[in-house]
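Q: So that we are looking at the same thing, I have put the structure below in structure tokens.
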Amino acid sequence: MIEAILLARIQFAANITFHILFPTITIALGWLLFYFRIKYHQTRQKRWTEAYHFWVKVFALSFALGVVSGITMSFQFGTNWPGFMESVGNIAGPLLAYEVLTAFFLEATFLGIMLFGAQRVSPKIHSLATLLVAVSTTLSAFWIMVLNAWMQTPAGFEMINGKAIATSWWDIIFNPSMHYRLIHMLMASALTAAFLMIGISAYRWRKGDRSNGVKAALSTGIVLAAIMAPAQILSGDLLGLNTLKHQPQKIAAMEGVWETQKGAPFLIFAIPNEEEQKNDFAIGIPKLASLILTHDLDGEIKGLSSFEKAPPMTPVFWSFRIMLATGMLMLLTAGLGVFYWFKRQQNLPDWLCQLFVWMSFSGWVGTVSGWYVSEIGRQPYLVDGVLLTADAVSTTPASMVSLSLAFYLLTYPLLVFAYISTLFFLAKKAINPSPRPNKPLTEEPAHA
Amino acid sequence: MPNEVFDQHWLPVVFMILMGIALLLYVCLDGFDLGIGILMRRGNDEEKDQMLATIAPFWDANETWLVLGIGLLLVAFPIAHGIILGELYLPIAIMLIGLILRGVAFDFRVKVHAKYKALWNRLFYTGSLVSSLAQGYMLGMFIMGFDVNLVTFLFSSVIAVCFCAAYCFIGASWLIIKASGDLHKRAIGWARVTMRLTALGIVIISLITPLASSRIYDKWFSMPELILLIPIPLLTAATFLGLEIFFRQFHLVSERYHNVPFIGAIIIMVMSFHGLAYSFYPYIVPEQLTIWEAASSIDSLKIIFIGTVIVLPTIFAYTIFAHRVFSGKISDISYEIEKPPEET
């Protein structure tokens, strides 16, 4: 049984990790494209169409990867976790159904018009299609975050014969952690898209591309990153306080606290020992964790050992630190970007451009590690306090799960590799383009 | 208790119908995408671009019908979702890998370095073929009640091949509407060949299904059902015959009627689906589980139903809008916002 549950979890984690990489780009990139589109509409400056045309390609590619991995998810809900739908399907079902109905069709249909329809509809309709794509990707994030937040802090239901029955849809949708999680995720998406935009543009910049399109994208990315990086740290802090209230065991794992203590230090480095329920080695800043979480130097933090059902500490502890470090690095990079771009009049030193390029996919690191904190920190529950992950797992033979897992593990890294190299290839191709590039003059439309 | 069936709640029936519509739309709409993916191997480089241009604005939305169909199965009939997807675990995994390859190849092939384009074209073809075969195989296994042995495997494999042919038939019919020039002419030839294979598949399913299940045999071959049902096979046969005659006279037909093969293909799909649905109703897992036994609580079905009634017509409306935007022949598509400047 342990083996089956581990396999099911690895498979689901592999899929969902691969999936989140792409929506986290498209949610915010959709709005950025709408911004470029509107800017062009207002100013008629070519740089906005240049930026639009480059980033719409990135959007289309990311969207396709998000769609195909999302389809896989719709099957895996049932194949890996049949107990989930059996137990809380009355609540999860409608939320998922509303996501498909209100978001998926809208985004997929208007994406076609947004990508290929510009010459077939009026500019107004095309802008509207672009807006609808942005709205629907965000709407999709809304529904899935409602469901996820409900799994973290379930509300508005009662259990009858082992099945959750909805008592208040208002309480289910606006459950205690929904606002914090939705905002944290949307901002994560904004940061991911901003750093991708900065990174790819900096790559072109280093290759000598000083076109107005690159400048437009760079300055948009830098401004967005500079606003979002500090705001995200604040939203993370608020989410942390919310988690302390509703899921204190997760906080204990994040902070590396085994025994309940007053004035807990913020551990910078530690090696948690799950067997002996203590840290083998730890360096920390005294009292800082208590100060952040309770706003009191001697505030009490409950230790992980005092919970009967507790998550494993090591993965939560380290994922949290990776997320924090990424956030701090983003803040620093955004600050440097603002300084050199605006104070030094676009006089970017090469080391900063290099840093920008390295940070291209920092949003992925932050988003994925953040999700690991949230999801592993909820274990051993699938729905906090309601349904254990072990009780939801399927009885599919381990051999079949392993075989399909092997397929996925072979495909996903190759696709991520192809995706990243294609982005840089597109960037290289876009440098100093001739007025009408890459358009093989095949069929000339016959003029009447 | 003879009245029990009539006392059953109507909502599971509605959701069965909705799920059926979603899956039927998936088979018809993504059917032409997948069919064109399989046929793509037969086109030259220029034709490959042209073929994909005819489906580029639609494929994403078309594929979403599968998500809705499976989503409705998941939320309205969770137990059936678990059983069916558990029984079909491997073919589903294979189909998903195929759909992943097909979906990403669509975008990669036009964005990567030219030297890799052929590779992504091949992946697009492979992905389309593998997903279509897997879907046909799953239909066969569903009809056979998931009983895996040599006979059912052979049956399902034959269905898989015919299913691909049916997709190619819809795909070729789509190309007859959307493509021009040589490609248009070649599509007529493809449509004629694959139409016959499709007919063969339908005949095999119609013969084997009543033989495999005495319940289904009784449902069809008893009075007065037989009289009421006879229009289904008759209309299907008439459509095939009509299309055969249409193709023989194609050189006389004006462009206005280029959509006839596609409409015919849709009629055939609808009729076949209808026949299957009648055969298996009220079972959602053949001979094991009825739709009422598998349904979620009526309260949560109500919540979804309200949303569906409001949203589904909206989806239909903007889907039609999108098809009108891209109506007519499509030879070349691009992301460009502005029309290219006129050459002087």
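Residues in the structure tokens are named by chain (A, B, ... in the order shown) and by number from 1 within that chain; ligands are numbered from 1 in the order shown.
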Report as a VMD selection string the set of chain A residues whose atoms approach chain B to within 6 Å, with distances computed over only C-alpha atoms.
A: chain A and resid 61 64 to 65 68 78 to 79 82 90 93 to 94 105 108 to 109 112 115 to 116 118 422
Q: Keeping N, CA, C and O atoms for every residue in the selection just given, could you write it to a file as a PDB file, in the first residue's frame?
A:
```
ATOM      1  N   LEU A  61       2.924  29.084 -27.392  1.00  0.00           N
ATOM      2  CA  LEU A  61       3.677  27.870 -27.061  1.00  0.00           C
ATOM      3  C   LEU A  61       3.403  27.444 -25.616  1.00  0.00           C
ATOM      4  O   LEU A  61       3.141  26.262 -25.335  1.00  0.00           O
ATOM      5  N   ALA A  64      -0.127  26.009 -25.257  1.00  0.00           N
ATOM      6  CA  ALA A  64      -0.274  24.642 -25.773  1.00  0.00           C
ATOM      7  C   ALA A  64       0.250  23.642 -24.743  1.00  0.00           C
ATOM      8  O   ALA A  64      -0.384  22.617 -24.466  1.00  0.00           O
ATOM      9  N   LEU A  65       1.399  23.939 -24.149  1.00  0.00           N
ATOM     10  CA  LEU A  65       1.953  23.018 -23.148  1.00  0.00           C
ATOM     11  C   LEU A  65       1.049  22.946 -21.920  1.00  0.00           C
ATOM     12  O   LEU A  65       0.867  21.879 -21.329  1.00  0.00           O
ATOM     13  N   VAL A  68      -2.184  20.709 -22.864  1.00  0.00           N
ATOM     14  CA  VAL A  68      -2.012  19.256 -22.957  1.00  0.00           C
ATOM     15  C   VAL A  68      -1.721  18.640 -21.586  1.00  0.00           C
ATOM     16  O   VAL A  68      -2.198  17.541 -21.286  1.00  0.00           O
ATOM     17  N   GLY A  78      -9.220  11.107 -11.383  1.00  0.00           N
ATOM     18  CA  GLY A  78      -9.956   9.867 -11.163  1.00  0.00           C
ATOM     19  C   GLY A  78      -9.053   8.647 -11.049  1.00  0.00           C
ATOM     20  O   GLY A  78      -9.277   7.780 -10.221  1.00  0.00           O
ATOM     21  N   THR A  79      -8.015   8.578 -11.923  1.00  0.00           N
ATOM     22  CA  THR A  79      -7.214   7.354 -11.918  1.00  0.00           C
ATOM     23  C   THR A  79      -6.332   7.258 -10.676  1.00  0.00           C
ATOM     24  O   THR A  79      -6.083   6.164 -10.193  1.00  0.00           O
ATOM     25  N   PRO A  82      -9.317   8.131  -6.706  1.00  0.00           N
ATOM     26  CA  PRO A  82     -10.774   7.919  -6.764  1.00  0.00           C
ATOM     27  C   PRO A  82     -11.459   8.260  -5.439  1.00  0.00           C
ATOM     28  O   PRO A  82     -12.593   8.728  -5.436  1.00  0.00           O
ATOM     29  N   ASN A  90     -18.869  16.031  -4.022  1.00  0.00           N
ATOM     30  CA  ASN A  90     -20.011  16.947  -4.065  1.00  0.00           C
ATOM     31  C   ASN A  90     -19.574  18.402  -4.002  1.00  0.00           C
ATOM     32  O   ASN A  90     -20.333  19.303  -4.359  1.00  0.00           O
ATOM     33  N   GLY A  93     -16.499  18.586  -7.343  1.00  0.00           N
ATOM     34  CA  GLY A  93     -17.091  18.412  -8.672  1.00  0.00           C
ATOM     35  C   GLY A  93     -17.605  19.702  -9.271  1.00  0.00           C
ATOM     36  O   GLY A  93     -17.174  20.101 -10.360  1.00  0.00           O
ATOM     37  N   PRO A  94     -18.544  20.389  -8.587  1.00  0.00           N
ATOM     38  CA  PRO A  94     -19.044  21.640  -9.162  1.00  0.00           C
ATOM     39  C   PRO A  94     -17.936  22.666  -9.409  1.00  0.00           C
ATOM     40  O   PRO A  94     -17.956  23.362 -10.438  1.00  0.00           O
ATOM     41  N   PHE A 105     -13.335  26.851 -22.256  1.00  0.00           N
ATOM     42  CA  PHE A 105     -13.836  27.078 -23.615  1.00  0.00           C
ATOM     43  C   PHE A 105     -13.583  28.510 -24.054  1.00  0.00           C
ATOM     44  O   PHE A 105     -13.213  28.771 -25.189  1.00  0.00           O
ATOM     45  N   ALA A 108      -9.861  28.909 -24.912  1.00  0.00           N
ATOM     46  CA  ALA A 108      -9.434  28.165 -26.102  1.00  0.00           C
ATOM     47  C   ALA A 108     -10.033  28.769 -27.371  1.00  0.00           C
ATOM     48  O   ALA A 108      -9.360  28.882 -28.392  1.00  0.00           O
ATOM     49  N   THR A 109     -11.308  29.173 -27.308  1.00  0.00           N
ATOM     50  CA  THR A 109     -11.963  29.689 -28.503  1.00  0.00           C
ATOM     51  C   THR A 109     -11.400  31.056 -28.898  1.00  0.00           C
ATOM     52  O   THR A 109     -11.078  31.300 -30.058  1.00  0.00           O
ATOM     53  N   GLY A 112      -7.909  31.290 -30.504  1.00  0.00           N
ATOM     54  CA  GLY A 112      -7.849  31.141 -31.958  1.00  0.00           C
ATOM     55  C   GLY A 112      -7.999  32.484 -32.657  1.00  0.00           C
ATOM     56  O   GLY A 112      -7.239  32.811 -33.575  1.00  0.00           O
ATOM     57  N   LEU A 115      -4.897  34.748 -31.845  1.00  0.00           N
ATOM     58  CA  LEU A 115      -3.659  34.395 -32.538  1.00  0.00           C
ATOM     59  C   LEU A 115      -3.763  34.628 -34.036  1.00  0.00           C
ATOM     60  O   LEU A 115      -2.859  35.194 -34.648  1.00  0.00           O
ATOM     61  N   PHE A 116      -4.854  34.160 -34.633  1.00  0.00           N
ATOM     62  CA  PHE A 116      -4.896  34.109 -36.095  1.00  0.00           C
ATOM     63  C   PHE A 116      -5.938  35.019 -36.715  1.00  0.00           C
ATOM     64  O   PHE A 116      -6.035  35.100 -37.933  1.00  0.00           O
ATOM     65  N   ALA A 118      -6.516  38.415 -36.337  1.00  0.00           N
ATOM     66  CA  ALA A 118      -6.361  39.867 -36.352  1.00  0.00           C
ATOM     67  C   ALA A 118      -6.726  40.478 -37.692  1.00  0.00           C
ATOM     68  O   ALA A 118      -7.233  41.595 -37.750  1.00  0.00           O
ATOM     69  N   THR A 422      13.563  26.568 -27.416  1.00  0.00           N
ATOM     70  CA  THR A 422      12.792  27.255 -28.452  1.00  0.00           C
ATOM     71  C   THR A 422      12.621  28.741 -28.116  1.00  0.00           C
ATOM     72  O   THR A 422      12.703  29.592 -29.002  1.00  0.00           O
TER      73      THR A 422
END
```
Q: If we count only C-alpha atoms, what is near Gly299 (chain A) at a cut-off of 12 Å, once residues fewer than 3 positions away on the same chain are taken out, given as a compact mmCIF listing (two decimals) with all heavy atoms, in the first residue's frame?
A:
```txt
# COMPACT_ATOMS: atom_id res chain seq x y z
N THR A 260 7.43 22.59 20.90
CA THR A 260 6.80 23.89 21.10
C THR A 260 7.75 24.81 21.86
O THR A 260 8.35 24.42 22.85
CB THR A 260 5.50 23.71 21.90
OG1 THR A 260 4.68 22.81 21.18
CG2 THR A 260 4.78 25.04 22.07
N GLN A 261 7.97 26.02 21.32
CA GLN A 261 8.90 26.91 22.00
C GLN A 261 8.49 28.37 21.87
O GLN A 261 7.80 28.77 20.94
CB GLN A 261 10.33 26.70 21.49
CG GLN A 261 10.57 27.17 20.08
CD GLN A 261 11.99 26.83 19.64
OE1 GLN A 261 12.22 25.88 18.90
NE2 GLN A 261 12.95 27.63 20.09
N LYS A 262 8.94 29.14 22.89
CA LYS A 262 8.72 30.58 22.88
C LYS A 262 9.98 31.24 22.34
O LYS A 262 11.08 30.79 22.61
CB LYS A 262 8.41 31.08 24.29
CG LYS A 262 7.02 30.64 24.72
CD LYS A 262 6.63 31.26 26.06
CE LYS A 262 5.16 30.91 26.31
NZ LYS A 262 4.87 30.73 27.70
N GLY A 263 9.80 32.32 21.56
CA GLY A 263 10.95 33.01 21.00
C GLY A 263 11.74 32.14 20.05
O GLY A 263 12.96 32.04 20.13
N ALA A 264 11.02 31.47 19.10
CA ALA A 264 11.69 30.56 18.17
C ALA A 264 12.58 31.33 17.20
O ALA A 264 12.20 32.40 16.71
CB ALA A 264 10.64 29.77 17.40
N PRO A 265 13.78 30.78 16.90
CA PRO A 265 14.67 31.45 15.95
C PRO A 265 14.22 31.20 14.52
O PRO A 265 13.52 30.22 14.25
CB PRO A 265 16.01 30.77 16.22
CG PRO A 265 15.65 29.40 16.67
CD PRO A 265 14.35 29.54 17.42
N LYS A 287 14.92 34.38 17.76
CA LYS A 287 13.60 35.00 17.97
C LYS A 287 12.92 35.53 16.72
O LYS A 287 11.79 36.03 16.77
CB LYS A 287 13.69 36.14 19.00
CG LYS A 287 14.14 35.65 20.37
CD LYS A 287 14.02 36.76 21.41
CE LYS A 287 14.74 36.37 22.67
NZ LYS A 287 13.87 35.67 23.62
N LEU A 288 13.57 35.42 15.55
CA LEU A 288 12.98 36.05 14.37
C LEU A 288 11.69 35.37 13.91
O LEU A 288 10.73 36.02 13.52
CB LEU A 288 14.01 36.09 13.23
CG LEU A 288 13.55 36.90 12.01
CD1 LEU A 288 13.28 38.35 12.36
CD2 LEU A 288 14.59 36.83 10.88
N ALA A 289 11.67 34.02 13.96
CA ALA A 289 10.45 33.32 13.51
C ALA A 289 9.25 33.73 14.36
O ALA A 289 8.17 33.98 13.84
CB ALA A 289 10.66 31.81 13.56
N SER A 290 9.45 33.79 15.67
CA SER A 290 8.36 34.21 16.55
C SER A 290 7.93 35.63 16.23
O SER A 290 6.74 35.95 16.21
CB SER A 290 8.80 34.14 18.02
OG SER A 290 8.76 32.82 18.46
N LEU A 291 8.92 36.48 15.96
CA LEU A 291 8.59 37.87 15.66
C LEU A 291 7.76 37.98 14.38
O LEU A 291 6.73 38.67 14.34
CB LEU A 291 9.89 38.68 15.52
CG LEU A 291 9.66 40.18 15.24
CD1 LEU A 291 9.03 40.88 16.43
CD2 LEU A 291 10.96 40.88 14.85
N ILE A 292 8.18 37.25 13.33
CA ILE A 292 7.45 37.33 12.06
C ILE A 292 6.03 36.78 12.21
O ILE A 292 5.07 37.37 11.73
CB ILE A 292 8.21 36.55 10.95
CG1 ILE A 292 9.54 37.23 10.64
CG2 ILE A 292 7.36 36.45 9.69
CD1 ILE A 292 10.44 36.42 9.74
N LEU A 293 5.92 35.66 12.90
CA LEU A 293 4.63 34.96 12.91
C LEU A 293 3.67 35.47 13.99
O LEU A 293 2.46 35.41 13.80
CB LEU A 293 4.86 33.46 13.10
CG LEU A 293 5.45 32.76 11.87
CD1 LEU A 293 6.09 31.46 12.27
CD2 LEU A 293 4.37 32.54 10.82
N THR A 294 4.21 35.92 15.12
CA THR A 294 3.30 36.34 16.19
C THR A 294 3.42 37.83 16.50
O THR A 294 2.71 38.35 17.34
CB THR A 294 3.59 35.56 17.49
OG1 THR A 294 4.93 35.87 17.91
CG2 THR A 294 3.48 34.07 17.27
N HIS A 295 4.37 38.48 15.80
CA HIS A 295 4.64 39.90 16.05
C HIS A 295 5.01 40.14 17.51
O HIS A 295 4.67 41.15 18.10
CB HIS A 295 3.45 40.77 15.61
CG HIS A 295 3.21 40.69 14.13
ND1 HIS A 295 2.18 41.31 13.50
CD2 HIS A 295 3.88 40.05 13.15
CE1 HIS A 295 2.21 41.05 12.20
NE2 HIS A 295 3.24 40.27 11.98
N ASP A 296 5.71 39.15 18.09
CA ASP A 296 6.12 39.24 19.49
C ASP A 296 7.41 38.43 19.60
O ASP A 296 7.48 37.29 19.16
CB ASP A 296 5.01 38.63 20.37
CG ASP A 296 5.41 38.56 21.84
OD1 ASP A 296 6.52 39.04 22.19
OD2 ASP A 296 4.61 38.02 22.62
N LYS A 302 3.99 26.33 18.04
CA LYS A 302 3.81 24.92 18.38
C LYS A 302 4.76 24.06 17.57
O LYS A 302 4.99 24.31 16.38
CB LYS A 302 2.35 24.50 18.08
CG LYS A 302 1.39 24.86 19.20
CD LYS A 302 0.03 24.22 18.96
CE LYS A 302 -0.21 23.09 19.94
NZ LYS A 302 -1.50 22.42 19.71
```
Q: Using only C-alpha atoms, which residues sit within 12 Å of Ile125 (chain A) once same-chain residues fewer than 4 positions away are excluded, as an NGL selection string?
A: (:A and (37-38 or 110 or 113-114 or 117-121 or 129-132)) or (:B and (321-322 or 325 or 337))
Q: Residues as selected, C-alpha atoms, written as a compact mmCIF listing (two decimals), in the first residue's frame, can you do that?
A:
```txt
# COMPACT_ATOMS: atom_id res chain seq x y z
CA ARG A 37 -2.30 45.57 -27.70
CA ILE A 38 -4.03 48.54 -26.05
CA PHE A 110 -10.82 33.30 -28.25
CA ILE A 113 -9.18 34.61 -32.80
CA MET A 114 -6.44 36.34 -30.82
CA GLY A 117 -7.89 36.39 -36.44
CA ALA A 118 -6.36 39.87 -36.35
CA GLN A 119 -6.76 40.32 -40.08
CA ARG A 120 -10.26 38.89 -40.15
CA VAL A 121 -11.90 40.96 -37.39
CA ALA A 129 -10.53 38.60 -27.87
CA THR A 130 -7.15 39.33 -26.27
CA LEU A 131 -8.91 40.65 -23.17
CA LEU A 132 -11.18 37.60 -22.98
CA PHE B 321 -18.78 33.12 -33.95
CA ALA B 322 -15.21 31.77 -34.14
CA VAL B 325 -14.56 34.49 -38.38
CA ILE B 337 -1.98 42.26 -36.45
```
Q: Run DSSP on the backbone of this structure and report the residues of region 246-366 of chain A it assigns to strand (DSSP E or B), as a list in words.
A: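 For region 246-366 of chain A, the strand (DSSP E or B) set is Gln261, Lys262, Phe266, Leu267, Ile268, Phe269, Ala270, Ile271, Pro272, Asn273, Lys278, Asn279, Asp280, Phe281, Ala282, Ile283, Gly284, Ile285, Glu300 and Ile301 of chain A.
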Q: Would you output that residue set with N, CA, C and O atoms, as a short mmCIF file (atom, residue, chain, number, x, y, z; two decimals), in the first residue's frame?
A:
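File produced: result.cif:
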```cif
data_model
loop_
_atom_site.label_atom_id
_atom_site.label_comp_id
_atom_site.auth_asym_id
_atom_site.auth_seq_id
_atom_site.Cartn_x
_atom_site.Cartn_y
_atom_site.Cartn_z
N GLN A 261 7.97 26.02 21.32
CA GLN A 261 8.90 26.91 22.00
C GLN A 261 8.49 28.37 21.87
O GLN A 261 7.80 28.77 20.94
N LYS A 262 8.94 29.14 22.89
CA LYS A 262 8.72 30.58 22.88
C LYS A 262 9.98 31.24 22.34
O LYS A 262 11.08 30.79 22.61
N PHE A 266 14.64 32.09 13.60
CA PHE A 266 14.43 31.79 12.19
C PHE A 266 15.65 31.03 11.70
O PHE A 266 16.76 31.55 11.69
N LEU A 267 15.45 29.76 11.33
CA LEU A 267 16.58 28.92 10.94
C LEU A 267 16.96 29.20 9.49
O LEU A 267 16.12 29.15 8.59
N ILE A 268 18.23 29.52 9.28
CA ILE A 268 18.69 29.74 7.91
C ILE A 268 19.09 28.42 7.29
O ILE A 268 18.87 28.18 6.11
N PHE A 269 19.67 27.55 8.12
CA PHE A 269 20.10 26.25 7.64
C PHE A 269 19.84 25.24 8.74
O PHE A 269 20.07 25.53 9.92
N ALA A 270 19.33 24.06 8.37
CA ALA A 270 19.13 23.03 9.38
C ALA A 270 19.04 21.67 8.70
O ALA A 270 18.68 21.59 7.52
N ILE A 271 19.40 20.64 9.42
CA ILE A 271 19.22 19.29 8.90
C ILE A 271 18.24 18.58 9.81
O ILE A 271 18.60 18.06 10.86
N PRO A 272 16.93 18.61 9.42
CA PRO A 272 15.93 17.96 10.27
C PRO A 272 16.13 16.45 10.28
O PRO A 272 16.41 15.85 9.25
N ASN A 273 15.98 15.87 11.46
CA ASN A 273 16.10 14.42 11.62
C ASN A 273 14.72 13.87 11.97
O ASN A 273 14.25 14.01 13.10
N LYS A 278 14.30 15.85 15.79
CA LYS A 278 15.09 17.01 16.19
C LYS A 278 15.96 17.43 15.01
O LYS A 278 16.06 16.70 14.02
N ASN A 279 16.54 18.63 15.09
CA ASN A 279 17.45 19.06 14.04
C ASN A 279 18.87 18.65 14.40
O ASN A 279 19.35 18.93 15.51
N ASP A 280 19.54 17.97 13.46
CA ASP A 280 20.90 17.54 13.73
C ASP A 280 21.86 18.73 13.77
O ASP A 280 22.88 18.70 14.41
N PHE A 281 21.51 19.76 13.02
CA PHE A 281 22.39 20.91 12.93
C PHE A 281 21.53 22.10 12.56
O PHE A 281 20.61 21.96 11.75
N ALA A 282 21.75 23.24 13.13
CA ALA A 282 20.92 24.39 12.80
C ALA A 282 21.65 25.70 13.06
O ALA A 282 22.35 25.84 14.05
N ILE A 283 21.51 26.63 12.10
CA ILE A 283 21.97 28.00 12.35
C ILE A 283 20.75 28.89 12.15
O ILE A 283 20.06 28.75 11.14
N GLY A 284 20.55 29.83 13.08
CA GLY A 284 19.37 30.67 12.93
C GLY A 284 19.58 32.04 13.53
O GLY A 284 20.58 32.32 14.17
N ILE A 285 18.59 32.89 13.25
CA ILE A 285 18.60 34.23 13.84
C ILE A 285 17.63 34.18 15.02
O ILE A 285 16.43 33.91 14.83
N GLU A 300 4.76 32.17 21.07
CA GLU A 300 4.91 30.72 21.10
C GLU A 300 4.62 30.11 19.72
O GLU A 300 3.65 30.49 19.07
N ILE A 301 5.45 29.18 19.31
CA ILE A 301 5.18 28.42 18.08
C ILE A 301 5.10 26.96 18.45
O ILE A 301 6.00 26.40 19.07
#
```
Q: Suppose you want the space between CA of Phe12 (chain A) and CA of Trp170 (chain A); what is it in Å?
A: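 Computing the Euclidean distance for CA of Phe12 (chain A) and CA of Trp170 (chain A) yields 29.2 Å.
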Q: What's the separation between CA of Phe142 (chain A) and CA of Leu7 (chain A), in Å to one decimal place?
A: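 Rounded to one decimal, the two atoms are 29.0 Å apart.
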Q: Can you tell me which residues surround Met254 (chain A) at a distance of at most 8 Å, considering only C-alpha atoms, apart from same-chain residues fewer than 3 positions away, and format the answer as a list in words?
A: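 What passes the distance filter is Lys250, Ile251, Val257, Met313, Val316, Phe317, Trp318, Phe320, Val373 and Gly377 of chain A.
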Q: Which neighbours of region 190-202 of chain B fall inside 6 Å, counting only C-alpha atoms, when residues of the same chain fewer than 5 positions from it are skipped, and could you give them as a compact mmCIF listing (two decimals) with N, CA and C atoms, in the first residue's frame?
A:
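Writing done, so here's part_4.txt:
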```txt
# COMPACT_ATOMS: atom_id res chain seq x y z
N CYS B 162 -10.42 1.26 -37.81
CA CYS B 162 -11.57 1.89 -38.46
C CYS B 162 -11.86 3.28 -37.87
N ALA B 165 -9.71 5.60 -39.52
CA ALA B 165 -10.24 5.87 -40.85
C ALA B 165 -11.37 6.88 -40.78
N ALA B 166 -12.23 6.73 -39.76
CA ALA B 166 -13.34 7.67 -39.62
C ALA B 166 -12.82 9.08 -39.38
N PHE B 169 -11.55 10.44 -42.51
CA PHE B 169 -12.69 10.80 -43.36
C PHE B 169 -13.21 12.19 -43.00
N ALA B 172 -10.51 14.71 -44.03
CA ALA B 172 -10.48 14.96 -45.48
C ALA B 172 -11.68 15.81 -45.89
```
Q: Using DSSP on the backbone, list every residue of region 159-311 of chain B that comes out as helix (DSSP H, G or I), and give them as a PyMOL selection string.
A: chain B and resi 159-178+181-212+214-220+225-229+231-248+250-252+255-257+260-280+291-294+298-311
Q: Pick from A:Ile198, A:Ser127, A:Asp209, A:Met330: nearest to Ala231 (chain A), with only C-alpha atoms counted?
A: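 Closest candidate: A:Met330.
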Q: Region 207-218 of chain B: which residues within 9 Å, counting only C-alpha atoms, same-chain residues fewer than 3 positions away excluded, as a compact mmCIF listing (two decimals) with N, CA, C and O atoms, in the first residue's frame?
A:
```txt
# COMPACT_ATOMS: atom_id res chain seq x y z
N ILE B 143 -17.23 -1.53 -25.51
CA ILE B 143 -18.31 -2.37 -26.04
C ILE B 143 -18.19 -3.79 -25.50
O ILE B 143 -19.17 -4.43 -25.16
N MET B 144 -16.94 -4.27 -25.37
CA MET B 144 -16.72 -5.63 -24.90
C MET B 144 -16.77 -5.75 -23.38
O MET B 144 -16.43 -6.79 -22.81
N PHE B 155 -10.84 -7.62 -31.78
CA PHE B 155 -12.00 -6.77 -32.10
C PHE B 155 -11.64 -5.29 -31.89
O PHE B 155 -11.84 -4.46 -32.78
N ILE B 202 -18.32 0.54 -39.02
CA ILE B 202 -19.67 0.65 -38.46
C ILE B 202 -20.41 -0.67 -38.62
O ILE B 202 -21.11 -1.13 -37.71
N VAL B 203 -20.22 -1.33 -39.77
CA VAL B 203 -20.87 -2.63 -39.99
C VAL B 203 -20.36 -3.63 -38.95
O VAL B 203 -21.16 -4.36 -38.33
N ILE B 204 -19.04 -3.66 -38.72
CA ILE B 204 -18.49 -4.62 -37.75
C ILE B 204 -19.09 -4.37 -36.36
O ILE B 204 -19.55 -5.30 -35.70
N PHE B 221 -33.72 -6.17 -31.48
CA PHE B 221 -34.50 -7.07 -32.32
C PHE B 221 -35.75 -7.56 -31.62
O PHE B 221 -35.94 -8.73 -31.36
N SER B 222 -36.60 -6.62 -31.23
CA SER B 222 -37.90 -7.01 -30.71
C SER B 222 -38.89 -5.94 -31.18
O SER B 222 -38.49 -4.83 -31.51
N LEU B 276 -25.12 3.54 -30.47
CA LEU B 276 -24.36 3.04 -29.32
C LEU B 276 -25.02 3.46 -28.01
O LEU B 276 -25.17 2.65 -27.09
N TYR B 278 -28.09 4.21 -27.43
CA TYR B 278 -29.32 3.45 -27.19
C TYR B 278 -28.99 2.05 -26.67
O TYR B 278 -29.64 1.54 -25.77
N SER B 279 -27.96 1.44 -27.27
CA SER B 279 -27.61 0.08 -26.87
C SER B 279 -27.24 0.00 -25.40
O SER B 279 -27.58 -0.96 -24.72
N PHE B 280 -26.49 0.98 -24.92
CA PHE B 280 -25.94 0.84 -23.57
C PHE B 280 -26.79 1.48 -22.47
O PHE B 280 -26.65 1.13 -21.32
N GLU B 287 -23.20 -3.34 -18.40
CA GLU B 287 -23.70 -4.48 -17.63
C GLU B 287 -23.31 -4.44 -16.15
O GLU B 287 -23.46 -5.41 -15.44
```
Q: Just the residues within 7 Å of Gly37 (chain B), please, counting only C-alpha atoms, with nothing from its chain fewer than 2 positions along; format it as a compact mmCIF listing (two decimals) with N, CA and C atoms, in the first residue's frame.
A:
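Full text of result13.txt as output:
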```txt
# COMPACT_ATOMS: atom_id res chain seq x y z
N ASP B 33 -9.32 17.36 -36.57
CA ASP B 33 -7.92 17.71 -36.26
C ASP B 33 -7.02 16.48 -36.31
N LEU B 34 -7.48 15.43 -35.62
CA LEU B 34 -6.66 14.22 -35.55
C LEU B 34 -6.54 13.57 -36.93
N GLY B 35 -7.65 13.57 -37.67
CA GLY B 35 -7.63 12.99 -39.01
C GLY B 35 -6.64 13.72 -39.91
N LEU B 39 -3.41 12.34 -41.88
CA LEU B 39 -3.27 12.52 -43.33
C LEU B 39 -2.04 13.37 -43.69
N MET B 40 -1.57 14.15 -42.71
CA MET B 40 -0.51 15.11 -42.99
C MET B 40 0.72 14.44 -43.61
N PHE B 124 3.92 15.26 -34.75
CA PHE B 124 2.51 15.64 -34.88
C PHE B 124 1.71 14.48 -35.47
N TYR B 125 2.26 13.89 -36.53
CA TYR B 125 1.61 12.73 -37.16
C TYR B 125 1.50 11.58 -36.16
N SER B 128 -1.05 12.23 -33.40
CA SER B 128 -2.43 12.13 -33.89
C SER B 128 -2.81 10.67 -34.09
```
